[in-house]
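Undergrad: Sharing target_11.txt below, compact mmCIF, C-alpha atoms:
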# COMPACT_ATOMS: atom_id res chain seq x y z
CA MET A 25 28.15 36.74 -3.93
CA LEU A 26 28.34 39.29 -1.12
CA THR A 27 29.60 42.29 -3.06
CA CYS A 28 26.42 44.02 -1.97
CA PHE A 29 27.56 43.80 1.66
CA THR A 30 29.66 46.51 3.27
CA ALA A 31 33.19 45.85 4.51
CA VAL A 32 31.98 45.85 8.11
CA VAL A 33 29.30 43.25 7.43
CA ARG A 34 31.84 41.16 5.52
CA GLN A 35 34.16 41.09 8.54
CA GLN A 36 31.25 40.18 10.82
CA PHE A 37 30.21 37.38 8.49
CA THR A 38 33.80 36.02 8.37
CA ALA A 39 33.88 35.77 12.16
CA MET A 40 30.42 34.16 12.18
CA LEU A 41 31.37 31.64 9.47
CA SER A 42 34.60 30.74 11.26
CA SER A 43 32.66 30.08 14.46
CA HIS A 44 30.01 28.13 12.53
CA LEU A 45 32.59 25.90 10.85
CA HIS A 46 34.32 25.14 14.16
CA ARG A 47 30.97 24.22 15.65
CA ARG A 48 29.66 22.12 12.70
CA CYS A 49 32.89 20.66 11.33
CA PRO A 50 35.54 20.43 14.08
CA GLN A 51 37.09 17.48 12.26
CA LEU A 52 38.31 19.88 9.57
CA TYR A 53 40.89 21.20 12.03
CA GLY A 54 41.73 17.93 13.77
CA GLY A 55 40.29 19.40 16.99
CA ARG A 56 42.73 22.36 16.80
CA SER A 57 42.78 25.59 14.82
CA GLU A 58 45.10 25.78 11.82
CA PRO A 59 44.99 29.28 10.23
CA ALA A 60 46.17 28.30 6.76
CA GLN A 61 43.72 25.40 6.50
CA ARG A 62 40.84 27.47 7.84
CA SER A 63 41.65 30.31 5.45
CA ARG A 64 41.54 27.94 2.49
CA LEU A 65 38.15 26.61 3.61
CA LEU A 66 36.76 30.11 4.14
CA ALA A 67 37.96 31.06 0.66
CA ARG A 68 36.23 28.02 -0.82
CA CYS A 69 32.95 28.63 1.07
CA HIS A 70 33.05 32.34 0.42
CA PRO A 71 35.45 33.69 -2.21
CA SER A 72 35.33 37.26 -0.94
CA ALA A 73 36.21 36.37 2.67
CA PRO A 74 39.56 37.69 3.93
CA GLN A 75 42.37 35.18 3.61
CA THR A 76 43.82 35.74 7.09
CA VAL A 77 41.91 34.96 10.26
CA ALA A 78 42.94 35.71 13.82
CA GLU A 79 44.01 32.68 15.82
CA PRO A 80 41.39 31.89 18.48
CA SER A 81 42.32 30.61 21.90
CA THR A 82 42.66 26.84 21.90
CA SER A 83 40.75 26.76 25.16
CA THR A 84 37.59 27.81 23.30
CA LEU A 85 37.73 25.10 20.63
CA PRO A 86 34.99 22.48 20.82
CA THR A 87 35.80 18.95 21.92
CA ILE A 88 35.14 16.31 19.28
CA PRO A 89 32.39 14.06 20.68
CA THR A 90 32.99 10.33 20.77
CA GLU A 91 29.39 9.74 19.68
CA ARG A 92 27.44 11.93 17.27
CA ARG A 93 23.78 12.77 17.49
CA LYS A 94 21.48 10.75 15.27
CA ARG A 95 21.31 12.24 11.80
CA VAL A 96 18.25 13.20 9.74
CA LEU A 97 18.10 14.01 6.00
CA SER A 98 15.15 15.34 4.03
CA GLY A 99 14.32 17.71 1.19
CA VAL A 100 11.68 19.19 -1.11
CA GLN A 101 11.72 19.62 -4.87
CA PRO A 102 11.79 23.22 -6.18
CA THR A 103 8.81 22.71 -8.49
CA GLY A 104 5.65 24.77 -8.30
CA GLN A 105 4.69 26.61 -5.10
CA LEU A 106 5.09 25.03 -1.69
CA HIS A 107 1.71 24.39 -0.15
CA LEU A 108 0.05 23.45 3.12
CA GLY A 109 0.79 19.76 2.55
CA ASN A 110 4.52 20.41 2.15
CA TYR A 111 4.52 22.53 5.29
CA MET A 112 2.27 20.57 7.64
CA GLY A 113 3.30 17.17 6.32
CA ALA A 114 7.05 17.82 6.33
CA ILE A 115 8.68 21.21 6.98
CA LYS A 116 6.79 21.95 10.21
CA ASN A 117 8.06 18.68 11.66
CA TRP A 118 11.64 19.43 10.54
CA VAL A 119 11.69 22.48 12.81
CA GLN A 120 11.29 20.23 15.85
CA LEU A 121 13.79 17.68 14.56
CA GLN A 122 16.61 20.24 14.34
CA GLU A 123 16.54 20.48 18.16
CA GLN A 124 17.05 16.74 18.63
CA TYR A 125 19.16 15.58 15.70
CA ASP A 126 22.02 16.50 13.38
CA THR A 127 19.89 17.69 10.47
CA PHE A 128 20.53 18.14 6.75
CA TYR A 129 17.73 19.79 4.73
CA CYS A 130 18.32 20.15 1.01
CA VAL A 131 16.51 21.64 -1.95
CA VAL A 132 16.48 18.62 -4.27
CA ASP A 133 16.85 20.41 -7.59
CA LEU A 134 18.29 17.35 -9.39
CA HIS A 135 15.00 15.55 -8.79
CA ALA A 136 13.11 18.46 -10.36
CA ILE A 137 14.49 17.78 -13.85
CA THR A 138 13.27 14.19 -14.26
CA VAL A 139 10.33 15.75 -16.15
CA PRO A 140 10.35 18.70 -18.59
CA HIS A 141 11.08 21.90 -16.69
CA ASN A 142 11.47 25.66 -17.12
CA PRO A 143 15.07 26.77 -16.32
CA VAL A 144 14.01 30.23 -15.14
CA GLU A 145 11.36 28.81 -12.81
CA LEU A 146 13.79 26.20 -11.45
CA ARG A 147 16.39 28.84 -10.53
CA THR A 148 13.76 31.04 -8.85
CA ALA A 149 12.07 28.18 -7.02
CA THR A 150 15.38 26.89 -5.66
CA ARG A 151 15.87 30.10 -3.69
CA THR A 152 12.21 30.42 -2.67
CA VAL A 153 12.17 26.90 -1.23
CA ALA A 154 15.30 27.65 0.81
CA ALA A 155 13.71 30.91 2.02
CA THR A 156 10.55 29.02 2.97
CA TYR A 157 12.59 26.58 5.06
CA MET A 158 13.95 29.50 7.08
CA ALA A 159 10.64 31.35 7.25
CA ALA A 160 9.02 28.22 8.66
CA GLY A 161 11.56 28.11 11.48
CA ILE A 162 14.56 26.09 10.29
CA ASP A 163 17.65 27.75 11.73
CA PRO A 164 20.82 27.75 9.53
CA ASP A 165 22.89 27.63 12.74
CA LYS A 166 21.18 24.40 13.81
CA ALA A 167 20.64 22.65 10.46
CA SER A 168 22.55 22.50 7.19
CA ILE A 169 20.37 24.05 4.47
CA PHE A 170 21.79 23.47 1.00
CA VAL A 171 21.03 22.81 -2.65
CA GLN A 172 21.45 19.21 -3.78
CA SER A 173 23.37 20.06 -6.96
CA HIS A 174 25.85 22.16 -4.96
CA VAL A 175 27.26 18.93 -3.51
CA SER A 176 28.48 16.96 -6.53
CA ALA A 177 28.86 13.80 -4.45
CA HIS A 178 25.09 13.24 -4.89
CA ALA A 179 25.43 12.68 -8.64
CA GLU A 180 28.65 10.71 -8.29
CA LEU A 181 27.30 8.29 -5.70
CA THR A 182 24.17 7.82 -7.78
CA TRP A 183 26.24 6.33 -10.60
CA LEU A 184 28.07 3.99 -8.22
CA LEU A 185 24.77 2.80 -6.74
CA GLU A 186 23.18 2.35 -10.17
CA CYS A 187 26.01 -0.05 -10.97
CA ALA A 188 24.94 -2.13 -7.96
CA THR A 189 21.16 -1.92 -8.45
CA PRO A 190 19.21 -4.63 -10.34
CA VAL A 191 16.93 -3.10 -12.97
CA GLY A 192 14.12 -5.33 -11.70
CA TRP A 193 14.03 -3.31 -8.49
CA LEU A 194 13.38 -0.15 -10.49
CA ASN A 195 10.64 -1.78 -12.55
CA ARG A 196 8.69 -2.45 -9.37
CA MET A 197 8.53 1.18 -8.23
CA ILE A 198 4.90 2.29 -8.18
CA GLN A 199 5.48 6.00 -8.78
CA PHE A 200 7.43 5.33 -11.98
CA LYS A 201 4.53 3.28 -13.35
CA GLU A 202 2.03 6.02 -12.49
CA LYS A 203 4.08 8.94 -13.84
CA SER A 204 5.28 7.15 -16.97
CA ARG A 205 1.68 6.50 -18.01
CA LYS A 206 1.05 10.26 -17.89
CA GLN A 207 4.17 11.12 -19.92
CA GLY A 208 3.74 8.44 -22.58
CA GLU A 209 6.55 8.19 -25.13
CA ASP A 210 8.28 11.28 -23.71
CA VAL A 211 9.10 9.55 -20.43
CA ARG A 212 12.73 10.16 -19.40
CA ALA A 213 15.25 7.55 -18.28
CA ALA A 214 15.83 9.67 -15.14
CA LEU A 215 12.23 9.10 -14.08
CA MET A 216 13.03 5.41 -13.73
CA THR A 217 16.40 5.84 -12.04
CA TYR A 218 15.59 8.74 -9.71
CA PRO A 219 14.94 6.37 -6.76
CA VAL A 220 18.67 5.60 -6.92
CA LEU A 221 19.41 9.33 -6.67
CA MET A 222 17.07 9.50 -3.69
CA ALA A 223 18.95 6.61 -2.11
CA ALA A 224 22.25 8.42 -2.71
CA ASP A 225 20.84 11.55 -1.05
CA ILE A 226 20.11 9.59 2.11
CA LEU A 227 23.12 7.27 2.23
CA LEU A 228 25.67 10.03 1.59
CA TYR A 229 24.96 11.45 5.02
CA GLN A 230 24.78 8.12 6.83
CA ALA A 231 21.29 9.16 7.94
CA ASP A 232 19.82 7.30 10.89
CA LEU A 233 16.28 8.55 10.28
CA VAL A 234 14.39 9.81 7.23
CA PRO A 235 11.07 11.68 7.63
CA VAL A 236 8.66 10.07 5.17
CA GLY A 237 4.95 10.06 4.48
CA GLU A 238 3.03 6.86 3.96
CA ASP A 239 3.39 7.20 0.19
CA GLN A 240 7.19 7.39 0.43
CA LYS A 241 7.74 4.18 2.37
CA GLN A 242 8.56 2.21 -0.79
CA HIS A 243 11.39 4.59 -1.66
CA LEU A 244 12.92 4.20 1.78
CA GLU A 245 12.67 0.43 1.55
CA PHE A 246 14.43 0.69 -1.80
CA THR A 247 17.19 2.73 -0.13
CA ARG A 248 17.53 0.17 2.65
CA ASP A 249 17.79 -2.64 0.07
CA ILE A 250 20.59 -0.82 -1.79
CA ALA A 251 22.46 -0.11 1.45
CA GLU A 252 22.29 -3.75 2.50
CA ARG A 253 23.33 -4.94 -0.95
CA VAL A 254 26.40 -2.69 -1.01
CA ASN A 255 27.27 -3.64 2.58
CA SER A 256 27.11 -7.36 1.83
CA THR A 257 28.82 -7.15 -1.59
CA PHE A 258 31.65 -4.74 -0.85
CA GLY A 259 31.82 -4.32 2.94
CA GLY A 260 32.54 -6.59 5.87
CA ARG A 261 35.65 -8.68 6.44
CA ASN A 262 36.54 -8.85 2.76
CA TRP A 263 36.81 -5.06 2.67
CA LYS A 264 39.14 -5.18 5.65
CA LYS A 265 41.25 -7.90 4.03
CA ARG A 266 41.67 -5.58 1.05
CA GLY A 267 43.15 -2.98 3.38
CA GLY A 268 39.93 -1.03 3.98
CA ARG A 269 38.07 -0.07 7.12
CA GLY A 270 35.85 -3.13 7.15
CA GLY A 271 32.32 -3.33 8.54
CA ASN A 272 29.30 -1.73 6.87
CA VAL A 273 29.80 0.85 4.15
CA PHE A 274 26.41 2.44 4.79
CA LYS A 275 24.18 2.91 7.79
CA VAL A 276 20.77 1.39 7.02
CA PRO A 277 18.23 4.20 7.67
CA GLU A 278 14.93 3.89 9.50
CA PRO A 279 11.68 5.72 8.66
CA LEU A 280 10.49 8.61 10.82
CA ILE A 281 6.75 9.01 10.25
CA PRO A 282 5.02 11.95 12.01
CA PRO A 283 2.00 10.88 14.08
CA ASP A 284 -0.24 13.57 12.57
CA GLY A 285 -0.31 15.48 9.33
CA ALA A 286 1.93 13.06 7.45
CA ARG A 287 -0.43 13.36 4.52
CA ILE A 288 -2.56 16.45 3.88
CA MET A 289 -5.16 15.79 1.23
CA SER A 290 -6.55 17.86 -1.64
CA LEU A 291 -9.26 20.43 -0.89
CA GLN A 292 -11.18 19.08 -3.88
CA ASP A 293 -10.75 15.34 -3.22
CA GLY A 294 -10.20 13.94 0.25
CA THR A 295 -8.77 10.73 -1.19
CA SER A 296 -5.95 12.42 -3.15
CA LYS A 297 -2.80 13.97 -1.70
CA MET A 298 -2.44 17.76 -1.89
CA SER A 299 -0.02 18.26 -4.78
CA LYS A 300 2.02 21.03 -6.40
CA SER A 301 1.48 19.41 -9.80
CA ALA A 302 -2.32 19.31 -9.65
CA ASP A 303 -3.87 21.39 -12.45
CA ASN A 304 -6.52 22.89 -10.18
CA ASP A 305 -4.93 25.55 -7.93
CA ALA A 306 -8.06 25.47 -5.77
CA SER A 307 -7.04 22.00 -4.60
CA ARG A 308 -4.29 23.41 -2.36
CA ILE A 309 -3.46 26.27 -0.02
CA ASN A 310 -0.14 27.73 -1.19
CA LEU A 311 2.03 29.10 1.60
CA THR A 312 2.10 32.48 -0.15
CA ASP A 313 -1.66 32.72 -0.73
CA SER A 314 -3.18 35.98 0.52
CA PRO A 315 -5.95 35.91 3.17
CA ASP A 316 -8.57 36.61 0.49
CA VAL A 317 -7.35 33.70 -1.65
CA ILE A 318 -7.30 31.36 1.38
CA ARG A 319 -10.82 32.45 2.26
CA GLN A 320 -12.10 31.68 -1.25
CA LYS A 321 -10.38 28.29 -1.44
CA VAL A 322 -11.74 27.14 1.91
CA LYS A 323 -15.21 28.43 1.04
CA ARG A 324 -15.22 26.34 -2.17
CA CYS A 325 -13.50 23.21 -0.83
CA LYS A 326 -15.30 19.90 -1.12
CA THR A 327 -17.30 18.66 1.88
CA ASP A 328 -20.06 16.06 2.24
CA SER A 329 -23.78 15.91 2.96
CA PHE A 330 -23.51 14.80 6.60
CA LEU A 331 -24.55 17.31 9.24
CA ALA A 332 -22.12 16.76 12.14
CA LEU A 333 -18.32 16.93 11.83
CA GLU A 334 -16.60 13.63 12.58
CA TRP A 335 -13.05 12.29 12.48
CA ASP A 336 -11.60 9.08 11.02
CA ILE A 337 -14.77 7.90 9.30
CA PRO A 338 -13.72 6.05 6.09
CA GLU A 339 -16.80 7.31 4.25
CA ARG A 340 -15.93 10.93 5.15
CA PRO A 341 -12.36 11.60 3.91
CA GLU A 342 -12.99 15.33 3.45
CA ALA A 343 -14.17 15.71 7.06
CA THR A 344 -11.04 13.97 8.37
CA ASN A 345 -8.78 16.08 6.16
CA LEU A 346 -10.30 19.45 7.08
CA LEU A 347 -10.40 18.65 10.79
CA THR A 348 -6.74 17.55 10.62
CA ILE A 349 -5.77 20.82 8.93
CA TYR A 350 -7.64 22.77 11.63
CA GLN A 351 -5.92 20.76 14.36
CA LEU A 352 -2.44 21.39 12.94
CA ALA A 353 -3.14 25.09 12.37
CA THR A 354 -4.34 25.60 15.95
CA GLY A 355 -2.06 23.13 17.76
CA LYS A 356 -5.03 21.64 19.59
CA THR A 357 -5.69 18.02 20.48
CA LYS A 358 -8.38 15.98 18.75
CA GLU A 359 -10.57 16.27 21.83
CA GLU A 360 -10.22 20.05 21.86
CA VAL A 361 -11.02 20.24 18.16
CA LEU A 362 -14.16 18.13 18.60
CA THR A 363 -15.21 20.48 21.41
CA ASP A 364 -14.68 23.50 19.15
CA VAL A 365 -16.79 22.06 16.33
CA SER A 366 -19.49 20.44 18.44
CA GLY A 367 -22.88 21.17 16.91
CA MET A 368 -21.36 22.93 13.88
CA ASN A 369 -22.27 22.34 10.26
CA TRP A 370 -19.93 23.01 7.34
CA GLY A 371 -21.16 26.55 6.91
CA ALA A 372 -20.12 27.44 10.44
CA PHE A 373 -16.86 25.48 10.38
CA LYS A 374 -15.34 26.91 7.21
CA PRO A 375 -14.92 30.47 8.56
CA LEU A 376 -13.36 28.98 11.71
CA LEU A 377 -10.89 26.99 9.60
CA THR A 378 -10.15 30.03 7.42
CA ASP A 379 -9.29 32.25 10.40
CA ALA A 380 -7.05 29.54 11.88
CA LEU A 381 -5.11 29.13 8.62
CA ILE A 382 -4.66 32.87 8.06
CA ALA A 383 -3.43 33.36 11.62
CA HIS A 384 -1.02 30.42 11.40
CA LEU A 385 0.49 31.37 8.04
CA GLN A 386 0.76 35.13 8.64
CA PRO A 387 4.09 35.11 10.58
CA ILE A 388 5.60 32.67 8.07
CA GLN A 389 4.57 34.88 5.16
CA THR A 390 5.95 37.99 6.86
CA LYS A 391 9.32 36.37 7.54
CA TYR A 392 9.45 34.92 4.01
CA LYS A 393 9.02 38.39 2.47
CA LEU A 394 11.83 39.78 4.62
CA ILE A 395 14.20 36.97 3.68
CA MET A 396 13.47 37.27 -0.04
CA GLN A 397 14.35 40.97 0.10
CA ASP A 398 17.99 39.94 0.65
CA PRO A 399 18.99 37.32 -1.97
CA CYS A 400 22.61 37.65 -0.85
CA TYR A 401 21.63 36.27 2.54
CA VAL A 402 19.84 33.29 0.98
CA ASP A 403 22.85 32.49 -1.21
CA ASP A 404 25.17 32.79 1.80
CA VAL A 405 23.10 30.33 3.83
CA LEU A 406 23.12 27.87 0.92
CA ALA A 407 26.89 28.23 0.51
CA ARG A 408 27.53 27.58 4.19
CA GLY A 409 25.15 24.62 4.17
CA ALA A 410 26.82 23.11 1.10
CA ALA A 411 30.25 23.47 2.71
CA ALA A 412 29.10 21.65 5.85
CA ALA A 413 27.22 18.98 3.87
CA SER A 414 30.20 18.38 1.55
CA GLU A 415 32.47 17.33 4.42
CA THR A 416 30.14 14.49 5.35
CA ALA A 417 29.14 13.62 1.79
CA PHE A 418 32.64 13.33 0.34
CA ALA A 419 33.85 11.35 3.36
CA THR A 420 31.11 8.79 2.63
CA LEU A 421 31.85 8.85 -1.10
CA ASP A 422 35.50 8.04 -0.44
CA LEU A 423 34.49 5.09 1.75
CA VAL A 424 32.27 3.72 -1.01
CA LYS A 425 35.00 4.13 -3.61
CA ASP A 426 37.52 2.39 -1.38
CA ALA A 427 35.14 -0.50 -0.69
CA MET A 428 34.38 -0.88 -4.43
CA GLY A 429 38.08 -0.94 -5.36
CA PHE A 430 38.65 2.54 -6.74
CA VAL A 431 41.86 4.46 -6.19
CA VAL A 432 40.59 7.12 -3.80
CA PRO A 433 41.83 10.62 -4.65
CA ALA A 434 43.66 12.76 -2.10
CA ARG A 435 41.18 14.55 0.13
CA ARG A 436 40.11 17.91 -1.24
CA ALA A 437 41.91 20.90 0.28
Take the structure in this file and express it as structure tokens.

TA:
Amino acid sequence: MLTCFTAVVRQQFTAMLSSHLHRRCPQLYGGRSEPAQRSRLLARCHPSAPQTVAEPSTSTLPTIPTERRKRVLSGVQPTGQLHLGNYMGAIKNWVQLQEQYDTFYCVVDLHAITVPHNPVELRTATRTVAATYMAAGIDPDKASIFVQSHVSAHAELTWLLECATPVGWLNRMIQFKEKSRKQGEDVRAALMTYPVLMAADILLYQADLVPVGEDQKQHLEFTRDIAERVNSTFGGRNWKKRGGRGGNVFKVPEPLIPPDGARIMSLQDGTSKMSKSADNDASRINLTDSPDVIRQKVKRCKTDSFLALEWDIPERPEATNLLTIYQLATGKTKEEVLTDVSGMNWGAFKPLLTDALIAHLQPIQTKYKLIMQDPCYVDDVLARGAAAASETAFATLDLVKDAMGFVVPARRA
């Protein structure tokens, strides 16, 4: 992967990766440094890394905490272009969460193939989504950034959970009903079962909190139901009597709903969510849109016939949406926004909103271009993230297998 790097950079990366693994996964070394074991892990995470690593002083090794920080898991599908709704409704909030929690942010490529897809576009979008995460402020040294399919435990746990999930639960999922009507006879079985994959994504990491928008609450409730069903069926005292750990197999996650911006609406319909799959590109601001394109989209966005600009009026969804976007782009309070727009009509407000969006997105776009100039760096970040995520994911998978009565394989070297 890193053949394009020089020998000096390779040595620097090896030292950085070794330090990163000690910091993120001290349990791999039992709290102490074992050169042979660390060399094997470095070889697995990065095939071109040297196979011998200098022994660090044991006095510098981190102490394994008795209690871990609360854990957060979230992800975005690599379909279409990421837009303002993805950023303001999700990714922007993730940047703050990485400072408070143990965070796992994945590119959920397995979810992207529940509908017909283009293989070339999928491969390209997988890297661009990861690059967007970093450009938006997610730090690979603070959060694990990885591709869902790079951790095979996601697919494996999905099958185990499907075997414990009543089909009636799947039939009740609203999004399946809506999307299956659009696809007609070509609807895929995966479109019905993908909520189980989503549940596996969350439960694999024993997530305490899951950032969700209002429209995703049903999926989290579904995940909670599966967790409780597995806990009651296979966990508890009976698991312990069978020689297992006992107690709950899964942590039951709670929703984490941002106070503002949880749902950015379409520029053409204030009652519909901004979407990557919408046919009309004018309905969204893509994160890579140029200033001229942003200016045209805002100029043509739907408004209403009222004169003043008001917030939270049910009859004025477009006004609420555009004022919310302006608030999130400027970082101002509602009171400050209302002061800014006092006495304005739509003609005066749109240029103000345009300038705020261009100014807010410019540093993200600049950083994104720099990151995409070095695909080796993107692949390296994803490899390191997958290595860190795999330690947690496969530990959970082994617990589930043990609770369900499987012969658990020897832990992977």

Undergrad: How many Å separate atom CA of Val131 of chain A from atom CA of Phe170 of chain A?

TA: 6.3 Å

Undergrad: Compare A:Leu346, A:Ala411, A:Val317, A:Leu244 by their minimum atom-to-atom distance to Ile288 of chain A, counting all atoms listed in the file, and give me the closest one.

TA: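 Ranking A:Leu346, A:Ala411, A:Val317, A:Leu244 by distance to Ile288 of chain A, first place goes to A:Leu346.
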
Undergrad: Quick one: of A:Ala380, A:Val234, A:Leu184, A:Val405, who's nearest to Leu421 of chain A, counting only C-alpha atoms?

TA: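 The shortest atom-to-atom distance to Leu421 of chain A comes from A:Leu184.
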
Undergrad: Report, in Å to a single decimal, how far apart atom CA of Ala410 of chain A and atom CA of Ile169 of chain A are.

TA: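 Interatomic distance here is 7.3 Å.
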
Undergrad: For the atom pair atom CA of Leu311 of chain A and atom CA of Ala383 of chain A, what is the interatomic distance in Å to one decimal place?

TA: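 Those two atoms sit 12.2 Å apart.
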
Undergrad: So, counting only C-alpha atoms, which residue among A:Asp313, A:Asn262, A:Asp422, A:Ile388 is closest to Leu181 of chain A?

TA: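 Of A:Asp313, A:Asn262, A:Asp422, A:Ile388, the one nearest Leu181 of chain A is A:Asp422, counting only C-alpha atoms.
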
Undergrad: Would you mind telling me which residue in A:Arg340, A:Lys275, A:Arg93, A:Arg253 lies nearest to Cys187 of chain A when using only C-alpha atoms?

TA: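 Closest to Cys187 of chain A, using only C-alpha atoms: A:Arg253.
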
Undergrad: Residues of segment 275-305 of chain A that have any atom at most 12 Å from an atom of segment 95-102 of chain A: could you tabulate them with the shortest-distance atom pair and the distance in Å to one decimal, using only C-alpha atoms, ordered by chain and increasing number, as a Markdown table?

TA:
| residue | atom | partner | partner_atom | distance |
| --- | --- | --- | --- | --- |
| A:Lys275 | CA | A:Arg95 | CA | 10.6 |
| A:Val276 | CA | A:Arg95 | CA | 11.9 |
| A:Pro277 | CA | A:Val96 | CA | 9.2 |
| A:Glu278 | CA | A:Val96 | CA | 9.9 |
| A:Pro279 | CA | A:Val96 | CA | 10.0 |
| A:Leu280 | CA | A:Val96 | CA | 9.1 |
| A:Ser299 | CA | A:Gln101 | CA | 11.8 |
| A:Lys300 | CA | A:Gln101 | CA | 9.9 |
| A:Ser301 | CA | A:Gln101 | CA | 11.4 |

Undergrad: Looking at only C-alpha atoms, which of A:Thr152, A:Thr127, A:Thr217, A:Ser296 is the one that sits closest to Pro190 of chain A?

TA: A:Thr217

Undergrad: Around the point (-16.0, 28.9, 11.2), in the coordinates given by the file, pick out the residues reaching within 12 Å, counting all atoms listed in the file, and return them as an MDAnalysis selection string.

TA: chainID A and resid 319 322:323 346:347 350 364:381

Undergrad: For segment 404-410 of chain A, supply all heavy atoms and format the output as a PDB file, keeping the file's coordinate frame.

TA:
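Dumped to out_16.pdb:
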ATOM      1  N   ASP A 404      24.149  33.041   0.773  1.00  0.00           N
ATOM      2  CA  ASP A 404      25.170  32.790   1.800  1.00  0.00           C
ATOM      3  C   ASP A 404      24.808  31.573   2.638  1.00  0.00           C
ATOM      4  O   ASP A 404      25.647  30.710   2.921  1.00  0.00           O
ATOM      5  CB  ASP A 404      25.311  34.023   2.677  1.00  0.00           C
ATOM      6  CG  ASP A 404      26.089  33.724   3.947  1.00  0.00           C
ATOM      7  OD1 ASP A 404      27.216  33.214   3.827  1.00  0.00           O
ATOM      8  OD2 ASP A 404      25.562  33.980   5.045  1.00  0.00           O
ATOM      9  N   VAL A 405      23.546  31.480   3.049  1.00  0.00           N
ATOM     10  CA  VAL A 405      23.100  30.330   3.830  1.00  0.00           C
ATOM     11  C   VAL A 405      23.302  29.033   3.041  1.00  0.00           C
ATOM     12  O   VAL A 405      23.781  28.026   3.574  1.00  0.00           O
ATOM     13  CB  VAL A 405      21.615  30.483   4.232  1.00  0.00           C
ATOM     14  CG1 VAL A 405      21.057  29.170   4.776  1.00  0.00           C
ATOM     15  CG2 VAL A 405      21.460  31.593   5.266  1.00  0.00           C
ATOM     16  N   LEU A 406      22.962  29.059   1.754  1.00  0.00           N
ATOM     17  CA  LEU A 406      23.120  27.870   0.920  1.00  0.00           C
ATOM     18  C   LEU A 406      24.591  27.507   0.750  1.00  0.00           C
ATOM     19  O   LEU A 406      24.942  26.320   0.706  1.00  0.00           O
ATOM     20  CB  LEU A 406      22.463  28.106  -0.438  1.00  0.00           C
ATOM     21  CG  LEU A 406      20.940  28.275  -0.421  1.00  0.00           C
ATOM     22  CD1 LEU A 406      20.419  28.583  -1.821  1.00  0.00           C
ATOM     23  CD2 LEU A 406      20.264  27.023   0.132  1.00  0.00           C
ATOM     24  N   ALA A 407      25.463  28.506   0.649  1.00  0.00           N
ATOM     25  CA  ALA A 407      26.890  28.230   0.510  1.00  0.00           C
ATOM     26  C   ALA A 407      27.455  27.597   1.779  1.00  0.00           C
ATOM     27  O   ALA A 407      28.231  26.632   1.725  1.00  0.00           O
ATOM     28  CB  ALA A 407      27.651  29.515   0.177  1.00  0.00           C
ATOM     29  N   ARG A 408      27.063  28.137   2.929  1.00  0.00           N
ATOM     30  CA  ARG A 408      27.530  27.580   4.190  1.00  0.00           C
ATOM     31  C   ARG A 408      26.998  26.168   4.386  1.00  0.00           C
ATOM     32  O   ARG A 408      27.706  25.276   4.852  1.00  0.00           O
ATOM     33  CB  ARG A 408      27.105  28.476   5.355  1.00  0.00           C
ATOM     34  CG  ARG A 408      27.891  29.773   5.455  1.00  0.00           C
ATOM     35  CD  ARG A 408      27.561  30.502   6.744  1.00  0.00           C
ATOM     36  NE  ARG A 408      26.252  31.156   6.709  1.00  0.00           N
ATOM     37  CZ  ARG A 408      25.352  31.093   7.682  1.00  0.00           C
ATOM     38  NH1 ARG A 408      25.591  30.374   8.747  1.00  0.00           N
ATOM     39  NH2 ARG A 408      24.214  31.753   7.577  1.00  0.00           N
ATOM     40  N   GLY A 409      25.727  25.955   4.032  1.00  0.00           N
ATOM     41  CA  GLY A 409      25.150  24.620   4.170  1.00  0.00           C
ATOM     42  C   GLY A 409      25.821  23.606   3.277  1.00  0.00           C
ATOM     43  O   GLY A 409      26.075  22.469   3.680  1.00  0.00           O
ATOM     44  N   ALA A 410      26.139  24.016   2.035  1.00  0.00           N
ATOM     45  CA  ALA A 410      26.820  23.110   1.100  1.00  0.00           C
ATOM     46  C   ALA A 410      28.216  22.754   1.593  1.00  0.00           C
ATOM     47  O   ALA A 410      28.681  21.618   1.425  1.00  0.00           O
ATOM     48  CB  ALA A 410      26.878  23.730  -0.289  1.00  0.00           C
TER      49      ALA A 410
END
